[in-house]
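Quick look at model.cif (mmCIF, C-alpha atoms and all ligand atoms):
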```cif
data_coords
#
loop_
_atom_site.label_atom_id
_atom_site.label_comp_id
_atom_site.auth_asym_id
_atom_site.auth_seq_id
_atom_site.Cartn_x
_atom_site.Cartn_y
_atom_site.Cartn_z
CA ASP A 19 51.50 59.09 -200.47
CA PRO A 20 52.03 56.21 -198.06
CA VAL A 21 52.62 56.69 -194.36
CA ALA A 22 56.38 56.25 -194.09
CA THR A 23 58.88 55.09 -191.58
CA PRO A 24 59.16 57.39 -188.57
CA ASN A 25 62.47 58.74 -187.42
CA VAL A 26 63.34 56.53 -184.46
CA SER A 27 66.48 58.34 -183.36
CA THR A 28 64.43 60.14 -180.76
CA CYS A 29 61.28 59.40 -178.81
CA GLY A 30 58.71 62.15 -179.02
CA GLN A 31 56.29 63.23 -176.33
CA ALA A 32 53.67 60.51 -176.07
CA ASP A 33 50.09 61.36 -175.26
CA LEU A 34 49.47 59.07 -172.29
CA PRO A 35 46.32 58.67 -170.20
CA PRO A 36 46.21 60.20 -166.71
CA GLY A 37 47.91 58.01 -164.14
CA ALA A 38 50.04 56.20 -166.71
CA ASN A 39 53.20 54.99 -165.05
CA VAL A 40 55.68 54.38 -167.83
CA SER A 41 59.38 55.14 -168.07
CA THR A 42 59.55 55.25 -171.85
CA CYS A 43 57.01 54.93 -174.62
CA CYS A 44 59.55 53.86 -177.31
CA PRO A 45 61.87 50.96 -177.96
CA PRO A 46 65.56 51.98 -177.74
CA PRO A 47 66.19 54.85 -180.18
CA SER A 48 68.58 54.27 -183.06
CA ASN A 49 70.50 56.36 -185.54
CA ALA A 50 71.29 53.33 -187.66
CA LEU A 51 70.26 53.32 -191.28
CA PRO A 52 67.53 50.66 -191.48
CA VAL A 53 68.00 47.72 -193.83
CA ASP A 54 65.10 46.85 -196.08
CA PHE A 55 63.26 43.69 -195.20
CA ALA A 56 64.20 40.79 -197.44
CA PRO A 57 61.93 37.76 -197.61
CA ALA A 58 63.48 34.34 -197.06
CA ALA A 59 65.89 33.68 -199.90
CA SER A 60 64.70 30.13 -200.25
CA LEU A 61 61.24 29.24 -199.10
CA SER A 62 61.83 25.52 -199.07
CA SER A 63 64.93 25.64 -196.90
CA THR A 64 63.54 28.16 -194.39
CA PRO A 65 61.63 26.41 -191.64
CA LEU A 66 57.89 26.99 -191.48
CA ARG A 67 56.47 27.99 -188.10
CA THR A 68 52.99 26.78 -187.26
CA ARG A 69 51.23 28.95 -184.70
CA PRO A 70 49.15 26.71 -182.43
CA ALA A 71 45.79 27.38 -180.76
CA ALA A 72 46.70 28.45 -177.22
CA HIS A 73 44.19 26.14 -175.53
CA SER A 74 45.55 23.04 -177.27
CA VAL A 75 49.31 23.20 -176.70
CA THR A 76 51.43 20.57 -174.94
CA ALA A 77 53.26 20.93 -171.62
CA ASP A 78 56.55 20.94 -173.54
CA TYR A 79 55.36 23.86 -175.60
CA VAL A 80 54.28 25.80 -172.50
CA ALA A 81 57.69 25.19 -170.91
CA LYS A 82 59.55 26.41 -173.97
CA PHE A 83 57.31 29.45 -174.37
CA ASN A 84 57.83 30.31 -170.69
CA ALA A 85 61.58 30.00 -171.10
CA GLY A 86 61.47 32.34 -174.09
CA ILE A 87 59.40 35.00 -172.34
CA ALA A 88 61.62 34.67 -169.25
CA ALA A 89 64.68 35.24 -171.44
CA MET A 90 63.07 38.32 -172.98
CA LYS A 91 62.15 39.66 -169.54
CA ALA A 92 65.71 39.09 -168.32
CA LEU A 93 67.18 41.39 -170.98
CA PRO A 94 67.61 45.05 -170.02
CA ALA A 95 65.13 47.54 -171.49
CA SER A 96 68.02 49.03 -173.48
CA ASP A 97 68.12 45.81 -175.53
CA PRO A 98 65.55 45.99 -178.35
CA ARG A 99 64.87 42.28 -177.92
CA SER A 100 63.78 42.69 -174.30
CA PHE A 101 60.19 42.21 -173.27
CA ALA A 102 60.12 45.82 -172.04
CA ALA A 103 61.34 47.14 -175.40
CA GLN A 104 58.92 44.95 -177.32
CA ALA A 105 56.02 46.17 -175.18
CA ALA A 106 57.15 49.76 -175.76
CA VAL A 107 56.84 49.29 -179.54
CA HIS A 108 53.10 49.28 -179.05
CA CYS A 109 53.19 52.42 -176.95
CA ALA A 110 55.36 54.19 -179.54
CA TYR A 111 53.18 53.47 -182.56
CA CYS A 112 49.90 53.95 -180.72
CA ASP A 113 50.34 56.83 -178.29
CA GLY A 114 51.96 59.47 -180.43
CA SER A 115 55.68 59.02 -179.75
CA TYR A 116 56.44 59.18 -183.47
CA SER A 117 55.46 61.29 -186.45
CA PRO A 118 55.22 59.98 -190.01
CA GLU A 119 58.31 60.84 -192.05
CA GLY A 120 57.97 64.31 -193.51
CA PHE A 121 55.21 65.36 -191.11
CA PRO A 122 56.75 66.55 -187.85
CA GLY A 123 54.09 67.38 -185.33
CA VAL A 124 51.56 64.99 -186.86
CA GLU A 125 50.86 61.94 -184.71
CA LEU A 126 51.59 58.50 -186.16
CA GLN A 127 48.84 56.08 -185.18
CA VAL A 128 48.56 52.50 -186.43
CA HIS A 129 45.06 51.87 -185.11
CA ASN A 130 41.72 52.90 -186.54
CA SER A 131 42.69 52.61 -190.19
CA TRP A 132 43.88 50.24 -192.90
CA LEU A 133 47.31 50.04 -191.18
CA PHE A 134 45.86 48.02 -188.32
CA PHE A 135 46.20 44.54 -189.81
CA PRO A 136 49.62 44.96 -191.46
CA PHE A 137 51.29 46.85 -188.58
CA HIS A 138 50.36 44.19 -186.05
CA ARG A 139 51.39 41.41 -188.44
CA CYS A 140 54.88 42.92 -188.67
CA TYR A 141 55.04 43.46 -184.93
CA LEU A 142 54.22 39.82 -184.13
CA TYR A 143 56.53 38.59 -186.86
CA PHE A 144 59.61 40.21 -185.32
CA PHE A 145 58.50 39.36 -181.77
CA GLU A 146 58.29 35.71 -182.83
CA ARG A 147 61.69 35.75 -184.51
CA ILE A 148 63.24 37.19 -181.35
CA LEU A 149 61.53 34.60 -179.18
CA GLY A 150 62.65 31.80 -181.50
CA SER A 151 66.24 32.97 -181.37
CA LEU A 152 66.19 33.23 -177.56
CA VAL A 153 64.95 29.64 -177.21
CA GLY A 154 67.28 28.46 -179.95
CA ASP A 155 64.48 27.12 -182.12
CA PRO A 156 63.80 28.81 -185.49
CA THR A 157 60.54 26.88 -185.79
CA PHE A 158 59.16 28.16 -182.50
CA ALA A 159 55.80 29.85 -183.14
CA ILE A 160 53.68 32.04 -180.89
CA PRO A 161 50.22 30.75 -179.95
CA PHE A 162 46.92 32.28 -181.00
CA TRP A 163 44.03 32.79 -178.65
CA ASN A 164 41.26 30.99 -180.51
CA TRP A 165 38.43 33.11 -179.00
CA ASP A 166 36.31 32.64 -182.13
CA ALA A 167 35.62 28.96 -181.32
CA PRO A 168 33.89 27.56 -178.20
CA ASP A 169 36.95 25.65 -176.94
CA GLY A 170 39.00 28.84 -177.02
CA MET A 171 36.50 31.26 -175.48
CA ARG A 172 38.22 31.34 -172.10
CA LEU A 173 41.49 32.91 -171.06
CA PRO A 174 43.91 30.14 -172.13
CA ALA A 175 45.09 28.16 -169.10
CA MET A 176 48.81 28.86 -169.56
CA TYR A 177 48.16 32.62 -169.22
CA ALA A 178 46.01 32.17 -166.11
CA ASP A 179 48.65 30.21 -164.17
CA GLN A 180 49.91 32.68 -161.58
CA SER A 181 53.35 31.09 -161.41
CA SER A 182 53.86 31.47 -165.16
CA GLN A 183 55.83 34.07 -167.09
CA LEU A 184 52.64 34.48 -169.09
CA PHE A 185 50.63 35.71 -166.13
CA ASP A 186 49.95 39.40 -165.63
CA PRO A 187 48.35 40.60 -162.38
CA ARG A 188 46.86 43.62 -164.15
CA ARG A 189 43.84 41.81 -165.53
CA ASP A 190 40.17 41.65 -164.63
CA ALA A 191 40.05 39.01 -161.88
CA ARG A 192 36.38 38.31 -162.65
CA HIS A 193 37.38 37.04 -166.07
CA ALA A 194 39.75 34.29 -165.01
CA PRO A 195 38.79 30.83 -166.29
CA PRO A 196 36.25 29.30 -166.47
CA LYS A 197 34.53 32.61 -167.34
CA LEU A 198 33.57 32.77 -171.02
CA ILE A 199 34.62 35.85 -172.93
CA ASP A 200 32.03 38.21 -174.40
CA LEU A 201 33.28 39.20 -177.84
CA ASP A 202 31.37 42.45 -177.88
CA TYR A 203 31.97 43.27 -174.22
CA ASN A 204 31.31 46.92 -173.45
CA GLY A 205 32.23 47.06 -169.80
CA THR A 206 28.94 45.63 -168.57
CA GLU A 207 28.88 41.99 -167.52
CA PRO A 208 26.50 40.12 -169.81
CA ARG A 209 23.80 37.99 -168.25
CA PHE A 210 24.09 34.98 -170.48
CA THR A 211 24.27 31.30 -169.72
CA ASP A 212 27.37 29.66 -171.16
CA SER A 213 25.51 28.27 -174.13
CA GLN A 214 23.90 31.66 -174.84
CA GLN A 215 27.30 33.35 -174.60
CA ILE A 216 28.83 30.91 -177.08
CA ASP A 217 25.94 31.38 -179.46
CA HIS A 218 26.17 35.16 -179.10
CA ASN A 219 29.94 35.11 -179.76
CA LEU A 220 29.55 33.02 -182.89
CA ARG A 221 26.97 35.47 -184.22
CA VAL A 222 29.27 38.39 -183.44
CA MET A 223 32.00 36.66 -185.44
CA TYR A 224 29.70 36.06 -188.39
CA ARG A 225 28.49 39.65 -188.33
CA GLN A 226 32.00 41.15 -188.23
CA MET A 227 33.77 38.74 -190.59
CA VAL A 228 31.00 38.12 -193.11
CA SER A 229 28.08 40.55 -192.98
CA LEU A 230 30.14 43.70 -192.37
CA SER A 231 33.24 42.66 -194.36
CA PRO A 232 32.11 41.84 -197.91
CA THR A 233 34.85 43.82 -199.70
CA PRO A 234 38.52 44.60 -199.14
CA SER A 235 37.87 48.26 -198.46
CA LEU A 236 35.35 47.36 -195.77
CA PHE A 237 37.48 44.57 -194.27
CA PHE A 238 40.70 46.59 -193.93
CA GLY A 239 39.32 49.90 -192.64
CA SER A 240 39.66 53.45 -193.83
CA PRO A 241 42.57 54.79 -195.91
CA TYR A 242 45.26 56.59 -193.93
CA ARG A 243 47.90 58.37 -196.00
CA ALA A 244 50.94 60.51 -195.33
CA GLY A 245 49.96 63.66 -193.45
CA ASP A 246 46.42 62.50 -192.67
CA ASP A 247 45.03 62.95 -189.23
CA PRO A 248 45.16 59.67 -187.34
CA ASN A 249 42.09 57.52 -186.64
CA GLN A 250 40.45 57.69 -190.05
CA GLY A 251 38.18 54.76 -189.22
CA PRO A 252 38.61 51.20 -187.98
CA SER A 253 37.66 48.02 -189.81
CA PRO A 254 34.74 45.98 -188.45
CA VAL A 255 37.13 43.41 -186.92
CA GLU A 256 39.35 46.05 -185.34
CA ASN A 257 36.24 47.56 -183.83
CA ILE A 258 34.76 44.22 -182.63
CA PRO A 259 36.01 41.78 -181.37
CA HIS A 260 39.50 43.32 -181.25
CA GLY A 261 38.60 46.22 -178.95
CA PRO A 262 36.21 44.38 -176.61
CA VAL A 263 38.74 41.57 -176.04
CA HIS A 264 41.25 44.19 -174.88
CA ILE A 265 38.74 45.76 -172.50
CA TRP A 266 37.53 42.39 -171.20
CA CYS A 267 41.13 41.50 -170.24
CA GLY A 268 42.23 44.79 -168.67
CA ASP A 269 41.93 45.45 -164.95
CA PRO A 270 39.01 47.79 -164.12
CA LYS A 271 40.76 48.60 -160.83
CA GLN A 272 43.62 50.30 -162.70
CA PRO A 273 43.17 53.93 -163.78
CA SER A 274 43.02 53.11 -167.52
CA PHE A 275 42.17 49.40 -167.63
CA GLU A 276 45.84 48.44 -167.73
CA ASP A 277 47.41 46.37 -169.04
CA MET A 278 45.33 45.10 -171.95
CA GLY A 279 42.69 47.82 -171.83
CA ASN A 280 44.93 50.69 -172.97
CA PHE A 281 47.24 51.12 -175.96
CA TYR A 282 50.26 52.28 -173.98
CA SER A 283 50.26 49.28 -171.64
CA ALA A 284 48.71 46.47 -173.72
CA GLY A 285 52.05 45.05 -174.86
CA ASN A 286 53.06 44.48 -171.22
CA ASP A 287 50.68 41.54 -170.99
CA PRO A 288 51.99 38.42 -172.76
CA LEU A 289 48.36 37.71 -173.62
CA PHE A 290 48.47 40.65 -176.05
CA TYR A 291 50.52 38.66 -178.55
CA ALA A 292 48.11 35.71 -178.45
CA HIS A 293 45.12 38.00 -178.90
CA HIS A 294 46.80 39.65 -181.86
CA ALA A 295 47.85 36.35 -183.38
CA ASN A 296 44.17 35.51 -183.61
CA ILE A 297 43.40 38.92 -185.09
CA ASP A 298 46.18 38.27 -187.62
CA ARG A 299 44.74 34.84 -188.29
CA MET A 300 41.40 36.53 -189.11
CA TRP A 301 43.13 38.32 -191.99
CA SER A 302 44.17 34.94 -193.43
CA VAL A 303 40.81 33.36 -192.65
CA TRP A 304 38.91 36.21 -194.31
CA LYS A 305 40.92 35.81 -197.50
CA GLY A 306 40.15 32.08 -197.46
CA LEU A 307 36.39 32.62 -197.12
CA ASP A 308 36.09 33.87 -200.71
CA ALA A 309 39.28 33.63 -202.74
CA ARG A 310 37.85 35.67 -205.61
CA ARG A 311 36.43 38.70 -203.78
CA HIS A 312 38.39 38.69 -200.52
CA THR A 313 41.69 40.07 -201.74
CA ASP A 314 44.27 42.38 -200.25
CA LEU A 315 44.01 46.06 -201.08
CA THR A 316 45.83 47.23 -204.21
CA ASP A 317 46.16 50.92 -203.32
CA PRO A 318 49.88 51.79 -203.51
CA ASP A 319 49.54 54.02 -200.44
CA TRP A 320 48.64 50.92 -198.47
CA LEU A 321 51.16 48.58 -200.12
CA ASN A 322 54.05 51.01 -199.69
CA ALA A 323 53.35 52.11 -196.12
CA SER A 324 56.33 51.13 -193.97
CA PHE A 325 57.35 50.58 -190.36
CA LEU A 326 60.61 50.04 -188.49
CA PHE A 327 61.31 47.07 -186.25
CA TYR A 328 64.34 45.45 -184.67
CA ASP A 329 64.99 41.87 -185.65
CA GLU A 330 66.64 39.20 -183.48
CA THR A 331 70.21 40.23 -184.28
CA PRO A 332 69.11 43.05 -183.36
CA LYS A 333 69.20 45.31 -186.36
CA LEU A 334 66.78 47.93 -187.54
CA VAL A 335 64.60 46.74 -190.44
CA ARG A 336 62.23 48.71 -192.65
CA ILE A 337 59.29 46.57 -193.66
CA ARG A 338 56.47 47.53 -196.00
CA VAL A 339 52.89 46.37 -196.09
CA ARG A 340 53.54 44.71 -199.46
CA ASP A 341 56.15 42.48 -197.77
CA VAL A 342 53.64 40.87 -195.42
CA LEU A 343 50.63 39.95 -197.52
CA ASP A 344 51.58 36.29 -197.79
CA THR A 345 52.20 34.48 -194.50
CA GLY A 346 53.82 31.62 -196.42
CA ALA A 347 56.50 33.99 -197.65
CA LEU A 348 57.02 35.05 -194.03
CA ARG A 349 57.34 31.33 -193.23
CA TYR A 350 54.51 30.94 -190.80
CA GLN A 351 51.01 29.56 -190.86
CA TYR A 352 48.21 28.87 -188.41
CA GLN A 353 47.12 25.54 -187.05
CA ASP A 354 44.03 24.61 -189.02
CA VAL A 355 41.07 24.73 -186.64
CA PRO A 356 37.31 24.74 -187.32
CA LEU A 357 35.40 27.97 -187.97
CA PRO A 358 32.09 27.28 -186.22
CA TRP A 359 30.88 30.87 -186.71
CA LYS A 360 30.72 30.36 -190.48
CA ALA A 361 27.34 28.71 -189.90
CA ALA A 362 26.13 31.34 -187.39
CA ARG A 363 24.29 33.54 -189.85
CA PRO A 364 21.90 35.68 -187.79
CU1 LIG B 401 47.69 47.67 -181.30
CU2 LIG B 401 45.15 45.34 -180.04
O1 LIG B 401 46.11 46.88 -180.35
#
```
As structure tokens, the full file:
Amino acid sequence: DPVATPNVSTCGQADLPPGANVSTCCPPPSNALPVDFAPAASLSSTPLRTRPAAHSVTADYVAKFNAGIAAMKALPASDPRSFAAQAAVHCAYCDGSYSPEGFPGVELQVHNSWLFFPFHRCYLYFFERILGSLVGDPTFAIPFWNWDAPDGMRLPAMYADQSSQLFDPRRDARHAPPKLIDLDYNGTEPRFTDSQQIDHNLRVMYRQMVSLSPTPSLFFGSPYRAGDDPNQGPSPVENIPHGPVHIWCGDPKQPSFEDMGNFYSAGNDPLFYAHHANIDRMWSVWKGLDARRHTDLTDPDWLNASFLFYDETPKLVRIRVRDVLDTGALRYQYQDVPLPWKAARP
């Protein structure tokens, strides 16, 4: 059976790392009956959002994005649209605050399995709708951190600006721009020149997206069904570069590499959503690499798995994996940028 919607009327006891300083590890609880997600009634009359590469946006975009994040941060944590509540969604689904429906006492975990790509797609989707409604622009799209291409391999400038809403002091100060990211960072600073680092990163991308991901079951990660123990096995992309990018961003002076370097705190850094937009983009890119063999999974336990999110109104919505396979139906797409790693066969 599929992993089903947790009961969100209460927040269970999360399993947090030592030293974690967090008031709640859940968005505001609700007893409301969730409504089922309905795709846009008319695709042609619903605006399409185009998510831009974070390093290439205009000053106007940065200003609007800042205004949106500021508006989210200004809402009280009791409002599901607030930045605090949005960040807590990650804590709830990743640190054991919830149990899958029908399995009290079993931890619900959306990482390290085939739920990784679809859960985070849903999460960003509602985050983006909330942001768009707060800035009054239904076409407003979140940026993606284009770390898979040389021009995007630094912390994007708008996140590094200390006066910005997008800045988070709990990051690794050594990795501020112009430092190049290491896509398989393991906590040890690599000793590469910039051109070696770029070359290394492109090979990492090729290895994870092509060599290790030839089939849907390899690309998406291990099955995780109702009642299963969590952490059945991550996909190659969840493993690398997803994990290393988190660790590279987090602050080694904090007890658990907060914010980005730990599940419970990662959503507190606005950078999280740009990192995950690029992870989400990799799902679309992977499908485009080989339209015949790179398909979504067809297992009903994957397609029917469901999650609960608040939308911008804010009401509680149940959304299933099968609802989010086509980004066009969700009315967003990614700016078309080059894929230099496609030629980086080792
Ligand atoms: Cu839900 Cu990048 O982690």
Residues of chain A at most 8 Å from ligand LIG 401 (chain B): nearest atom pair and distance in Å, only C-alpha atoms and all ligand atoms, as a Markdown table:
```
| residue | atom | partner | partner_atom | distance |
| --- | --- | --- | --- | --- |
| A:His108 | CA | B:LIG401 | CU1 | 6.1 |
| A:Cys112 | CA | B:LIG401 | CU1 | 6.7 |
| A:Val128 | CA | B:LIG401 | CU1 | 7.1 |
| A:His129 | CA | B:LIG401 | CU1 | 6.3 |
| A:Phe134 | CA | B:LIG401 | CU1 | 7.3 |
| A:His138 | CA | B:LIG401 | CU1 | 6.5 |
| A:Glu256 | CA | B:LIG401 | CU2 | 7.9 |
| A:His260 | CA | B:LIG401 | CU2 | 6.1 |
| A:Gly261 | CA | B:LIG401 | CU2 | 6.7 |
| A:His264 | CA | B:LIG401 | CU2 | 6.6 |
| A:Phe281 | CA | B:LIG401 | O1 | 6.2 |
| A:Ala284 | CA | B:LIG401 | O1 | 7.1 |
| A:Phe290 | CA | B:LIG401 | CU2 | 7.0 |
| A:His293 | CA | B:LIG401 | CU2 | 7.4 |
| A:His294 | CA | B:LIG401 | CU2 | 6.2 |
```
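Between Thr64 of chain A and the candidates A:Met90, A:Tyr79, A:Val303, A:Gly346, the tightest atom-to-atom separation, counting only C-alpha atoms, involves A:Gly346.
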Item checked: Shortest interatomic distance to Pro288 of chain A - which of A:Pro208, A:Gly123, A:Pro161, A:Pro259, counting all atoms listed in the file ->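 Closest to Pro288 of chain A, using all atoms listed in the file: A:Pro161.
If only C-alpha atoms are the atoms counted, then among A:Arg243, A:Arg338, A:Arg363, A:Lys333 the closest residue to Ala50 of chain A is A:Lys333.
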Determine, using all atoms listed in the file, which residues of segment 267-353 of chain A have any atom at most 12 Å from an atom of segment 165-172 of chain A, and tabulate each with its shortest atom pair and distance in Å to one decimal place, rows ordered by chain and then rising number, as a Markdown table.
```
| residue | atom | partner | partner_atom | distance |
| --- | --- | --- | --- | --- |
| A:Cys267 | CA | A:Arg172 | CA | 10.7 |
| A:Ala292 | CA | A:Trp165 | CA | 10.0 |
| A:His293 | CA | A:Trp165 | CA | 8.3 |
| A:His294 | CA | A:Trp165 | CA | 11.0 |
| A:Ala295 | CA | A:Trp165 | CA | 10.9 |
| A:Asn296 | CA | A:Trp165 | CA | 7.7 |
| A:Ile297 | CA | A:Trp165 | CA | 9.8 |
| A:Arg299 | CA | A:Asp166 | CA | 10.7 |
| A:Met300 | CA | A:Asp166 | CA | 9.5 |
| A:Val303 | CA | A:Asp166 | CA | 11.5 |
```
Notebook entry, point to check: What is the atom CA of Leu152 of chain A-atom CA of Ala89 of chain A distance in Å, reported with one decimal?
Noted result: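 Separation of atom CA of Leu152 of chain A and atom CA of Ala89 of chain A: 6.6 Å.
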Checklist line | Shell around Asp298 of chain A at 12 Å using all atoms listed in the file, local window under 3 positions removed, as a PyMOL selection string | finding: chain A and resi 69+134-143+160-164+238+255-256+260+291-295+301-305+342-345+350-352
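Counting from atom CA of Val75 of chain A, the distance to atom CA of Gly154 of chain A is 19.0 Å.
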Notebook entry, point to check: Quick one: residues within 8 Å of Arg188 of chain A, only C-alpha atoms counted, chain neighbours fewer than 4 positions away excluded, as a PyMOL selection string?
Noted result: chain A and resi 268-269+272+276-277
Margin query: Env of segment 29-42 of chain A: 12 Å cut, atoms = all atoms listed in the file, seq-sep filter 5 positions within chain, self excluded. Answer as an MDAnalysis selection string.
Written below: chainID A and resid 24 47:49 95:96 102:118 122:127 272:277 279:283 286
Excluding Arg336 of chain A and its own-chain neighbours fewer than 3 positions away, which residues fall within 8 Å of it when counting only C-alpha atoms? Please give them as a PDB file with C-alpha atoms, keeping the file's coordinate frame.
```
ATOM      1  CA  THR A  23      58.880  55.090-191.580  1.00  0.00           C
ATOM      2  CA  PRO A  52      67.530  50.660-191.480  1.00  0.00           C
ATOM      3  CA  VAL A  53      68.000  47.720-193.830  1.00  0.00           C
ATOM      4  CA  ASP A  54      65.100  46.850-196.080  1.00  0.00           C
ATOM      5  CA  PHE A  55      63.260  43.690-195.200  1.00  0.00           C
ATOM      6  CA  SER A 324      56.330  51.130-193.970  1.00  0.00           C
ATOM      7  CA  PHE A 325      57.350  50.580-190.360  1.00  0.00           C
ATOM      8  CA  LEU A 326      60.610  50.040-188.490  1.00  0.00           C
ATOM      9  CA  PHE A 327      61.310  47.070-186.250  1.00  0.00           C
TER      10      PHE A 327
END
```
Item checked: Residue contacts of Ser240 of chain A (8 Å, only C-alpha atoms) excluding same-chain residues fewer than 6 positions away, as JSON, numbers by chain -> {"A": [130, 131, 132, 250, 251, 252, 253]}
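For the pair atom CA of Lys271 of chain A and atom CA of Leu184 of chain A, the interatomic distance is 20.2 Å.
Of the residues listed (A:Gln353, A:Ala347, A:Gly245, A:Asn204), A:Ala347 shows the shortest atom-to-atom separation from Ser60 of chain A; distances use all atoms listed in the file.
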Next item on the list: Identify the residues around (45.3, 30.2, -169.9) within a radius of 10 Å, measuring from all atoms listed in the file in the coordinates stated by the file, and give them as a PyMOL selection string.
Entry: chain A and resi 72-73+163+170+172-180+182+184-185+194-196+289
Next item on the list: Go through A:Asp217, A:Asp329, A:Asp317, A:Glu146 and flag the residue nearest Thr68 of chain A, using all atoms listed in the file for the distances.
Entry: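 Going through A:Asp217, A:Asp329, A:Asp317, A:Glu146 one by one, the smallest distance to Thr68 of chain A is for A:Glu146.
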